[in-house]
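One file, target.cif, is given below (mmCIF, C-alpha atoms).
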data_start
#
loop_
_atom_site.label_atom_id
_atom_site.label_comp_id
_atom_site.auth_asym_id
_atom_site.auth_seq_id
_atom_site.Cartn_x
_atom_site.Cartn_y
_atom_site.Cartn_z
CA MET Q 170 40.23 30.17 110.36
CA ALA Q 171 40.99 31.66 106.92
CA THR Q 172 38.03 34.03 107.29
CA SER Q 173 38.99 35.25 110.78
CA ALA Q 174 38.66 38.98 111.42
CA LEU Q 175 41.73 38.86 113.66
CA MET Q 176 45.17 40.01 112.52
CA HIS Q 177 47.47 37.07 111.92
CA THR Q 178 49.84 37.76 114.84
CA TYR Q 179 49.76 34.35 116.54
CA GLY Q 180 50.61 30.83 115.44
CA ARG Q 181 47.81 29.28 117.47
CA LEU Q 182 47.55 25.63 118.49
CA PRO Q 183 44.51 23.67 117.27
CA VAL Q 184 42.51 23.92 120.50
CA ALA Q 185 40.10 26.37 122.13
CA PHE Q 186 39.25 26.35 125.82
CA THR Q 187 35.86 27.12 127.29
CA GLU Q 188 36.34 26.48 131.00
CA GLY Q 189 39.06 26.22 133.62
CA GLN Q 190 39.25 24.97 137.18
CA GLY Q 191 42.42 24.96 139.25
CA ALA Q 192 45.21 23.46 137.17
CA TRP Q 193 42.86 22.13 134.48
CA LEU Q 194 41.37 23.52 131.27
CA THR Q 195 38.48 22.09 129.26
CA ASP Q 196 38.23 22.50 125.48
CA THR Q 197 35.22 22.86 123.20
CA THR Q 198 34.87 19.08 122.92
CA GLY Q 199 34.88 18.52 126.68
CA ARG Q 200 38.43 17.17 126.85
CA ARG Q 201 40.48 18.22 129.89
CA TYR Q 202 44.14 19.33 129.86
CA LEU Q 203 46.60 19.69 132.71
CA ASP Q 204 47.90 23.26 132.50
CA ALA Q 205 51.64 23.40 133.20
CA LEU Q 206 51.92 26.87 131.66
CA SER Q 207 49.37 28.96 133.62
CA GLY Q 208 48.71 31.24 130.66
CA ILE Q 209 52.49 31.94 130.56
CA ALA Q 210 52.98 32.49 134.31
CA VAL Q 211 49.76 34.48 134.66
CA CYS Q 212 47.28 32.26 136.52
CA GLY Q 213 49.44 31.48 139.55
CA LEU Q 214 46.31 30.79 141.61
CA GLY Q 215 44.96 28.53 138.88
CA HIS Q 216 41.78 29.02 136.88
CA ALA Q 217 38.51 30.27 138.40
CA HIS Q 218 40.03 30.80 141.84
CA PRO Q 219 37.13 31.65 144.17
CA ALA Q 220 38.86 34.67 145.73
CA VAL Q 221 39.51 36.22 142.32
CA THR Q 222 36.04 35.36 141.05
CA GLN Q 223 34.47 36.95 144.11
CA ALA Q 224 36.62 40.08 143.86
CA ILE Q 225 35.76 40.59 140.19
CA SER Q 226 32.02 39.95 140.52
CA GLU Q 227 31.52 42.03 143.66
CA GLN Q 228 33.61 44.98 142.47
CA ALA Q 229 32.16 44.90 138.94
CA ALA Q 230 28.70 45.22 140.50
CA ARG Q 231 29.90 48.21 142.53
CA LEU Q 232 32.34 50.32 140.45
CA VAL Q 233 34.66 49.46 137.55
CA HIS Q 234 36.36 52.71 136.52
CA THR Q 235 36.57 56.38 137.43
CA SER Q 236 40.03 57.43 136.06
CA ASN Q 237 43.03 58.78 137.89
CA LEU Q 238 41.59 62.29 137.89
CA TYR Q 239 40.13 61.24 141.24
CA GLN Q 240 41.29 59.40 144.33
CA VAL Q 241 40.98 55.62 144.08
CA PRO Q 242 40.86 54.05 147.58
CA LEU Q 243 41.30 50.51 146.28
CA GLN Q 244 44.41 51.64 144.39
CA GLU Q 245 45.82 53.03 147.64
CA ALA Q 246 45.01 49.73 149.39
CA ALA Q 247 46.58 47.60 146.62
CA GLY Q 248 49.65 49.82 146.58
CA ALA Q 249 50.00 49.56 150.35
CA LYS Q 250 49.74 45.76 150.20
CA LEU Q 251 52.28 45.55 147.40
CA THR Q 252 54.80 47.75 149.20
CA GLN Q 253 54.26 45.79 152.42
CA LEU Q 254 54.99 42.45 150.74
CA SER Q 255 57.83 43.72 148.54
CA GLY Q 256 59.55 46.19 150.86
CA MET Q 257 59.53 48.81 148.08
CA ASP Q 258 58.42 52.40 148.78
CA LYS Q 259 56.08 53.49 145.98
CA VAL Q 260 53.94 51.88 143.23
CA PHE Q 261 52.58 53.03 139.87
CA PHE Q 262 49.85 50.82 138.40
CA CYS Q 263 49.57 50.18 134.66
CA ASN Q 264 48.05 47.48 132.43
CA SER Q 265 50.79 45.06 131.42
CA GLY Q 266 54.39 43.96 131.80
CA ALA Q 267 55.49 45.91 128.73
CA GLU Q 268 53.90 49.06 130.12
CA ALA Q 269 55.56 48.47 133.48
CA ASN Q 270 58.93 48.18 131.74
CA GLU Q 271 58.20 51.34 129.73
CA GLY Q 272 57.60 53.07 133.06
CA ALA Q 273 60.92 51.79 134.40
CA ILE Q 274 62.73 53.03 131.27
CA LYS Q 275 61.15 56.47 131.73
CA LEU Q 276 62.24 56.46 135.38
CA ALA Q 277 65.80 55.63 134.34
CA ARG Q 278 65.89 58.46 131.80
CA LEU Q 279 64.42 60.90 134.30
CA PHE Q 280 67.05 59.81 136.81
CA GLY Q 281 69.80 60.30 134.24
CA HIS Q 282 68.62 63.78 133.39
CA SER Q 283 68.46 64.64 137.10
CA LYS Q 284 72.19 63.88 137.20
CA GLY Q 285 72.89 66.13 134.24
CA ILE Q 286 73.22 63.32 131.65
CA GLY Q 287 72.00 64.60 128.28
CA THR Q 288 71.37 61.19 126.66
CA PRO Q 289 71.03 58.60 129.44
CA GLN Q 290 71.88 55.00 128.53
CA ILE Q 291 70.46 51.79 130.00
CA ILE Q 292 72.46 48.57 130.11
CA VAL Q 293 70.35 45.57 129.02
CA MET Q 294 71.14 41.88 128.46
CA GLU Q 295 71.50 39.54 125.53
CA ASN Q 296 68.54 37.13 125.20
CA ALA Q 297 66.40 39.37 127.43
CA PHE Q 298 62.70 39.87 126.83
CA HIS Q 299 61.03 43.03 128.14
CA GLY Q 300 58.02 43.47 125.84
CA ARG Q 301 56.93 44.43 122.33
CA THR Q 302 56.42 48.20 122.51
CA LEU Q 303 59.14 50.08 120.65
CA ALA Q 304 61.27 50.87 123.71
CA THR Q 305 60.86 47.46 125.35
CA LEU Q 306 61.42 45.76 121.99
CA THR Q 307 64.74 47.58 121.77
CA ALA Q 308 65.61 46.54 125.32
CA THR Q 309 64.79 42.96 124.35
CA GLY Q 310 67.82 40.95 123.25
CA ASN Q 311 66.27 39.02 120.39
CA ARG Q 312 66.85 40.12 116.79
CA LYS Q 313 64.10 37.84 115.56
CA VAL Q 314 61.34 39.81 117.30
CA GLN Q 315 62.98 43.17 116.46
CA ALA Q 316 63.32 42.52 112.73
CA GLY Q 317 61.10 44.71 110.57
CA PHE Q 318 60.44 47.33 113.25
CA GLU Q 319 63.51 49.46 112.76
CA PRO Q 320 64.45 52.17 113.49
CA LEU Q 321 64.63 50.98 117.07
CA VAL Q 322 64.89 53.32 120.05
CA SER Q 323 68.30 54.63 121.04
CA GLY Q 324 69.63 54.67 124.59
CA PHE Q 325 70.42 50.99 125.23
CA ILE Q 326 73.76 49.17 125.57
CA ARG Q 327 73.72 45.38 125.47
CA CYS Q 328 75.83 43.00 127.57
CA ALA Q 329 76.11 39.25 127.98
CA TYR Q 330 74.00 37.83 130.82
CA ASN Q 331 75.96 36.76 133.93
CA ASP Q 332 79.05 38.64 132.65
CA LEU Q 333 80.04 41.10 135.35
CA GLN Q 334 83.32 42.11 133.74
CA SER Q 335 81.65 43.57 130.65
CA ILE Q 336 79.40 45.75 132.83
CA GLU Q 337 82.34 46.86 134.96
CA GLN Q 338 84.15 47.97 131.82
CA ILE Q 339 81.18 49.97 130.54
CA LEU Q 340 80.68 51.70 133.88
CA GLN Q 341 84.38 52.58 134.04
CA GLN Q 342 84.52 53.89 130.49
CA ARG Q 343 81.22 55.79 130.30
CA SER Q 344 79.61 58.46 132.44
CA ASP Q 345 76.20 58.37 130.71
CA ILE Q 346 74.82 55.14 132.24
CA ALA Q 347 71.59 55.74 134.16
CA ALA Q 348 70.45 52.18 134.89
CA ILE Q 349 70.85 48.45 134.43
CA LEU Q 350 67.70 46.52 133.48
CA ILE Q 351 67.77 42.75 134.06
CA GLU Q 352 65.52 39.74 134.53
CA PRO Q 353 66.63 37.68 137.56
CA VAL Q 354 65.52 34.66 135.53
CA GLN Q 355 65.25 35.04 131.76
CA GLY Q 356 61.89 33.58 130.79
CA GLU Q 357 61.77 33.88 127.01
CA GLY Q 358 65.56 33.59 127.01
CA GLY Q 359 65.43 29.93 128.03
CA LEU Q 360 64.86 29.91 131.82
CA ARG Q 361 68.38 31.15 132.52
CA ALA Q 362 68.82 32.20 136.14
CA ALA Q 363 71.28 34.94 137.02
CA GLU Q 364 74.00 33.76 139.37
CA ASP Q 365 73.50 34.90 142.97
CA ALA Q 366 76.98 36.43 143.26
CA TYR Q 367 76.53 38.21 139.93
CA LEU Q 368 73.33 39.95 141.04
CA THR Q 369 74.81 40.92 144.39
CA GLN Q 370 77.86 42.39 142.65
CA LEU Q 371 75.57 44.25 140.25
CA ARG Q 372 73.92 45.88 143.26
CA GLN Q 373 77.34 46.90 144.57
CA LEU Q 374 78.42 48.27 141.18
CA CYS Q 375 75.22 50.29 140.84
CA ASP Q 376 75.77 51.78 144.29
CA ALA Q 377 79.39 52.64 143.51
CA HIS Q 378 78.55 54.33 140.19
CA GLN Q 379 75.21 55.85 141.23
CA VAL Q 380 73.27 53.83 138.68
CA LEU Q 381 69.74 52.44 139.13
CA LEU Q 382 69.39 48.65 139.37
CA MET Q 383 66.07 47.70 137.75
CA PHE Q 384 64.59 44.19 137.94
CA ASP Q 385 62.07 43.01 135.37
CA GLU Q 386 59.97 40.67 137.52
CA VAL Q 387 57.02 40.48 135.15
CA GLN Q 388 57.40 36.70 135.07
CA THR Q 389 59.37 35.98 138.27
CA GLY Q 390 57.12 38.01 140.57
CA ASN Q 391 54.07 37.14 142.65
CA GLY Q 392 55.40 33.95 144.22
CA ARG Q 393 56.70 32.27 141.08
CA THR Q 394 60.29 31.72 142.34
CA GLY Q 395 59.42 30.89 145.95
CA GLN Q 396 59.39 34.48 147.25
CA TYR Q 397 56.87 37.21 146.47
CA PHE Q 398 59.62 38.65 144.25
CA ALA Q 399 62.85 37.02 143.13
CA PHE Q 400 64.99 39.82 144.60
CA GLN Q 401 63.78 38.74 148.05
CA HIS Q 402 66.11 35.74 147.82
CA TYR Q 403 68.82 38.31 148.67
CA ASP Q 404 69.42 40.74 151.54
CA TRP Q 405 69.26 43.84 149.32
CA LYS Q 406 66.71 45.46 147.02
CA PRO Q 407 66.79 46.82 143.47
CA ASP Q 408 65.87 50.47 142.95
CA VAL Q 409 63.04 49.65 140.55
CA VAL Q 410 61.00 46.47 140.12
CA THR Q 411 58.38 45.82 137.44
CA THR Q 412 55.69 43.19 137.68
CA ALA Q 413 52.50 42.04 135.92
CA LYS Q 414 51.39 38.53 134.79
CA GLY Q 415 50.58 36.79 138.10
CA LEU Q 416 49.63 40.08 139.78
CA GLY Q 417 46.10 39.88 138.37
CA ASN Q 418 45.76 36.09 137.84
CA GLY Q 419 44.43 36.76 134.34
CA PHE Q 420 43.06 40.26 134.87
CA PRO Q 421 45.34 42.65 132.94
CA ILE Q 422 47.28 44.79 135.40
CA GLY Q 423 50.94 45.63 135.98
CA ALA Q 424 52.99 47.76 138.31
CA VAL Q 425 56.24 49.69 138.58
CA MET Q 426 57.65 49.67 142.12
CA ALA Q 427 60.53 51.84 143.31
CA GLN Q 428 62.45 52.52 146.47
CA GLY Q 429 64.83 55.21 147.67
CA GLN Q 430 65.55 58.11 145.36
CA ALA Q 431 63.91 56.33 142.41
CA ALA Q 432 60.56 56.39 144.25
CA ALA Q 433 60.48 60.19 144.24
CA LEU Q 434 61.30 60.75 140.55
CA PHE Q 435 57.81 60.74 139.01
CA GLN Q 436 55.82 63.92 139.62
CA PRO Q 437 52.37 64.95 138.30
CA GLY Q 438 52.49 65.09 134.50
CA HIS Q 439 55.50 62.77 134.15
CA HIS Q 440 53.55 59.56 133.61
CA GLY Q 441 49.99 58.28 133.51
CA SER Q 442 47.55 55.63 132.35
CA THR Q 443 43.82 55.82 131.67
CA TYR Q 444 43.21 52.29 132.93
CA GLY Q 445 46.12 52.08 135.37
CA GLY Q 446 44.87 50.97 138.77
CA THR Q 447 41.12 50.87 138.23
CA PRO Q 448 38.92 49.93 141.21
CA LEU Q 449 38.22 46.59 139.51
CA GLY Q 450 41.88 45.82 138.76
CA CYS Q 451 43.01 46.76 142.25
CA ALA Q 452 40.31 44.65 143.89
CA VAL Q 453 41.78 41.70 141.97
CA VAL Q 454 45.35 42.60 143.02
CA LEU Q 455 44.29 42.64 146.67
CA ALA Q 456 42.58 39.27 146.31
CA VAL Q 457 45.68 37.75 144.65
CA LEU Q 458 48.19 39.13 147.17
CA GLU Q 459 46.04 38.22 150.16
CA THR Q 460 45.63 34.66 148.82
CA LEU Q 461 49.37 34.28 148.20
CA GLU Q 462 49.98 35.35 151.79
CA LYS Q 463 47.12 33.49 153.49
CA ASP Q 464 47.68 30.19 151.69
CA LYS Q 465 51.50 30.40 152.01
CA LEU Q 466 51.89 29.89 148.28
CA CYS Q 467 55.49 31.09 148.12
CA GLN Q 468 56.44 28.20 150.38
CA ARG Q 469 54.26 25.94 148.27
CA ALA Q 470 56.11 27.03 145.12
CA ASN Q 471 59.38 25.93 146.72
CA GLN Q 472 57.92 22.55 147.70
CA LEU Q 473 56.54 21.97 144.22
CA SER Q 474 59.82 23.03 142.64
CA GLU Q 475 61.72 20.45 144.68
CA LEU Q 476 59.16 17.76 143.85
CA LEU Q 477 59.24 18.49 140.11
CA ARG Q 478 63.03 18.77 139.94
CA ALA Q 479 63.58 15.52 141.83
CA GLY Q 480 60.98 13.78 139.68
CA PHE Q 481 62.50 14.89 136.38
CA VAL Q 482 66.05 14.16 137.52
CA GLN Q 483 65.01 10.62 138.35
CA ALA Q 484 62.80 10.05 135.31
CA LEU Q 485 65.27 11.50 132.79
CA ALA Q 486 68.52 10.21 134.31
CA GLY Q 487 70.81 8.89 131.58
CA VAL Q 488 68.45 9.87 128.76
CA GLU Q 489 70.62 10.88 125.85
CA GLY Q 490 69.63 14.28 124.52
CA VAL Q 491 68.60 15.77 127.86
CA VAL Q 492 71.11 18.49 128.79
CA GLY Q 493 69.69 19.39 132.20
CA LEU Q 494 67.28 21.48 134.26
CA ARG Q 495 67.18 25.26 134.49
CA GLY Q 496 65.29 28.01 136.25
CA ARG Q 497 64.16 28.78 139.79
CA GLY Q 498 61.07 27.88 141.78
CA LEU Q 499 58.13 27.21 139.49
CA MET Q 500 59.99 28.60 136.49
CA LEU Q 501 61.40 25.29 135.34
CA GLY Q 502 63.19 24.57 132.08
CA ILE Q 503 64.26 21.22 130.66
CA GLU Q 504 67.03 21.82 128.14
CA LEU Q 505 67.45 19.37 125.27
CA ASP Q 506 70.36 19.15 122.84
CA ARG Q 507 68.22 19.96 119.80
CA PRO Q 508 65.29 22.19 118.76
CA CYS Q 509 62.09 20.74 120.16
CA ALA Q 510 59.21 23.11 119.34
CA GLU Q 511 57.15 20.20 118.03
CA LEU Q 512 56.90 18.86 121.59
CA VAL Q 513 54.30 21.55 122.36
CA GLU Q 514 51.72 20.02 120.03
CA LEU Q 515 52.71 16.46 120.95
CA ALA Q 516 52.16 17.30 124.63
CA LEU Q 517 48.80 18.82 123.73
CA GLU Q 518 47.79 15.50 122.18
CA ARG Q 519 48.63 13.85 125.53
CA GLY Q 520 46.56 16.36 127.49
CA LEU Q 521 49.40 18.53 128.81
CA LEU Q 522 50.03 22.23 128.15
CA ILE Q 523 53.72 23.21 127.93
CA ASN Q 524 55.82 25.70 126.02
CA VAL Q 525 59.21 25.69 124.30
CA THR Q 526 61.43 28.76 124.46
CA ALA Q 527 64.91 29.60 123.17
CA GLY Q 528 64.47 26.82 120.63
CA GLN Q 529 65.33 23.83 122.78
CA VAL Q 530 64.16 24.53 126.35
CA ILE Q 531 60.85 23.09 127.51
CA ARG Q 532 59.28 25.73 129.75
CA LEU Q 533 57.07 24.78 132.68
CA LEU Q 534 55.19 27.46 134.61
CA PRO Q 535 52.54 25.51 136.54
CA PRO Q 536 50.15 27.23 138.97
CA LEU Q 537 51.23 27.62 142.59
CA ILE Q 538 48.10 25.73 143.70
CA LEU Q 539 49.18 22.54 141.90
CA SER Q 540 48.67 19.37 143.94
CA ASP Q 541 51.40 16.77 144.48
CA GLU Q 542 49.37 14.34 142.38
CA GLU Q 543 49.11 16.83 139.51
CA ALA Q 544 52.85 17.49 139.74
CA GLN Q 545 53.48 13.75 139.42
CA GLN Q 546 51.20 13.66 136.38
CA ILE Q 547 53.25 16.40 134.72
CA ILE Q 548 56.45 14.47 135.45
CA ALA Q 549 55.04 11.20 134.12
CA ILE Q 550 53.46 12.59 130.92
CA LEU Q 551 56.31 14.88 129.95
CA SER Q 552 59.15 12.48 130.82
CA GLN Q 553 57.60 9.75 128.71
CA LEU Q 554 56.99 12.18 125.86
CA ILE Q 555 60.62 13.37 125.96
CA LYS Q 556 61.92 9.78 125.97
CA ASP Q 557 59.63 8.78 123.12
CA TRP Q 558 60.58 11.82 121.05
CA LEU Q 559 64.32 11.62 121.68
CA GLY Q 560 64.23 7.92 120.85
CA GLN Q 561 63.19 8.66 117.29
CA PRO Q 562 65.89 9.00 114.63
CA LEU Q 563 66.95 12.57 113.87
CA PRO Q 564 65.45 13.96 110.63
CA SER Q 565 67.83 13.86 107.70
CA HIS Q 566 68.80 17.10 105.97
#

As a first step, turn the structure in this file into structure tokens.
Amino acid sequence: MATSALMHTYGRLPVAFTEGQGAWLTDTTGRRYLDALSGIAVCGLGHAHPAVTQAISEQAARLVHTSNLYQVPLQEAAGAKLTQLSGMDKVFFCNSGAEANEGAIKLARLFGHSKGIGTPQIIVMENAFHGRTLATLTATGNRKVQAGFEPLVSGFIRCAYNDLQSIEQILQQRSDIAAILIEPVQGEGGLRAAEDAYLTQLRQLCDAHQVLLMFDEVQTGNGRTGQYFAFQHYDWKPDVVTTAKGLGNGFPIGAVMAQGQAAALFQPGHHGSTYGGTPLGCAVVLAVLETLEKDKLCQRANQLSELLRAGFVQALAGVEGVVGLRGRGLMLGIELDRPCAELVELALERGLLINVTAGQVIRLLPPLILSDEEAQQIIAILSQLIKDWLGQPLPSH
């Protein structure tokens, strides 16, 4: 690909796919692969889902785009469905997870200014990932992806994940905090799940100090953790929730949701998006949300999570080098005691699509429509691969 017209921004694997069906992808040679990554938590309904295909084809034949200068009935319908399933009050549609997080950051700053804070600050977490725009890159807790793009954006204070005491100290010492932005499960950060008590106490701290609690559910949303949104595992709500990825099952669309006082912050002229909430995009959102609800796929995600966890625990019991399992629902990580990025290509050779994040955590994000048989195939292929790879002598340095 030395003559490619594309900028060299991706280290691509040596495969190209031409077709997908359910949990399977087919490459240019006709070989099939079991997709345990779902396009990085995007295709929760699998590939070529008939409801999504129908929504796209029918709406594309009717009306694709008008702009937000006019009323968009399908946007109203998608927003109503999203608020019904999430329990949030208002929705703003955009195009991606990074854009949704940008919207949340703007909401936090607007909230801070409404309280008379001149330079509002947002507390963010180490090892977080919120996107690659300049503001979301700064909110991201990974120096590797920030390097070379300085000066970064001001207005962020970083804390350790799952460390309530550090946040308590900041809130006690500073009066310029407008919000806390957190992933309930860190995806790029190695499938680290926030502790239940920690998140509940964060909600209480935010209430006590009049600070917005903002959840980045770009990856955890849309059924991935066994609820429509991960915050629904608790009996309280964040003030702001962002989502994307699985919301469009491959069609690029994201959303910022807010409740309470945060829902009333944006007024005409404060925010906008040319492509945010097109008739086509919102037809897809409706198809995805209705399918999640009709087919009870949140419950299915929990069932599959239990099956996969039990299978890996049994298959990898006593295997030296396996640290343990991480994550929640169908965000599953297998942590090893050493860097294991090469497993991605080795799995590809065995017909399985996986990912490695945080250096030594194998990340699995299979579709919610996975069958029990396909789940067992993932367990069998990956467990054997891990055993084979860990059984080799460590490279000498």

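Compared by their closest atoms to Asp404 in chain Q, and using all atoms listed in the file, the residues Q:Asp365, Q:Glu518, Q:Glu386, Q:Asp464 rank with Q:Asp365 nearest.
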
Within 9 Å of range 557-562 of chain Q, which residues of range 376-490 of chain Q come that close, and what is the closest atom pair and distance in Å for each? Count all atoms listed in the file and give it as a tab-separated table.
residue	atom	partner	partner_atom	distance
Q:Val488	CA	Q:Leu559	CA	8.4
Q:Glu489	CA	Q:Leu559	CA	7.6
Q:Gly490	CA	Q:Leu559	CA	6.6

Margin query: To test your reading of the syntax: which residues would the PyMOL selection byres ((chain Q and resi 396) around 12) return for the file shown? Reply as a ChimeraX atom specification.
Written below: /Q:254-255,386,389-395,397-403,461-462,465-471,497-499,537

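Among the candidates Q:Leu238, Q:Ala224, Q:Val491, Q:Asp204, the residue lying nearest to Pro437 in chain Q is Q:Leu238 (atoms considered: all atoms listed in the file).
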
Checklist line | Hits from the PyMOL selection byres ((chain Q and resi 503) around 8), listed as JSON, numbers by chain | finding: {"Q": [491, 492, 493, 494, 495, 501, 502, 504, 505, 530, 531, 532]}

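For the pair CA of Asn311 in chain Q and CA of Thr288 in chain Q, the interatomic distance is 23.6 Å.
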
Check: Selected by the PyMOL selection byres ((chain Q and resi 419) around 6) in the shown coordinates: which residues, as a ChimeraX atom specification?
Finding: /Q:211-212,417-418,420

Next item on the list: Counting all atoms listed in the file, note down every residue that has an atom within 7 Å of the point (51.8, 21.2, 127.2) (file coordinates), as a PyMOL selection string.
Entry: chain Q and resi 204-205+513+516-517+521-524

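With all atoms listed in the file as the atoms that count, the minimum distance from His440 in chain Q to the choices Q:Lys259, Q:His177, Q:Arg201, Q:Lys275 is reached by Q:Lys275.
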
Check: Looking at Q:His216, Q:His234, Q:Arg200, Q:Arg372, which one is nearest to Gly445 in chain Q, with distances taken over all atoms listed in the file?
Finding: Q:His234

Next item on the list: Name the residues, using the chain letters and numbers of the file, that sit within 12 Å of (50.6, 20.7, 143.3) when counting all atoms listed in the file, and give them as a VMD selection string.
Entry: chain Q and resid 191 to 193 203 to 205 213 to 215 466 468 to 477 499 534 to 548

Check: For Ile292 in chain Q, which of Q:Ile336, Q:Ala185, Q:Leu371, Q:Ala247 is the closest residue, counting only C-alpha atoms?
Finding: Q:Ile336

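Distances to Val525 in chain Q were evaluated for Q:Ala456, Q:Cys509, Q:Leu374, Q:Ala479 using only C-alpha atoms, and the minimum falls at Q:Cys509.
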
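Interatomic distance, CA of Ile286 in chain Q to CA of Gly272 in chain Q: 18.7 Å.
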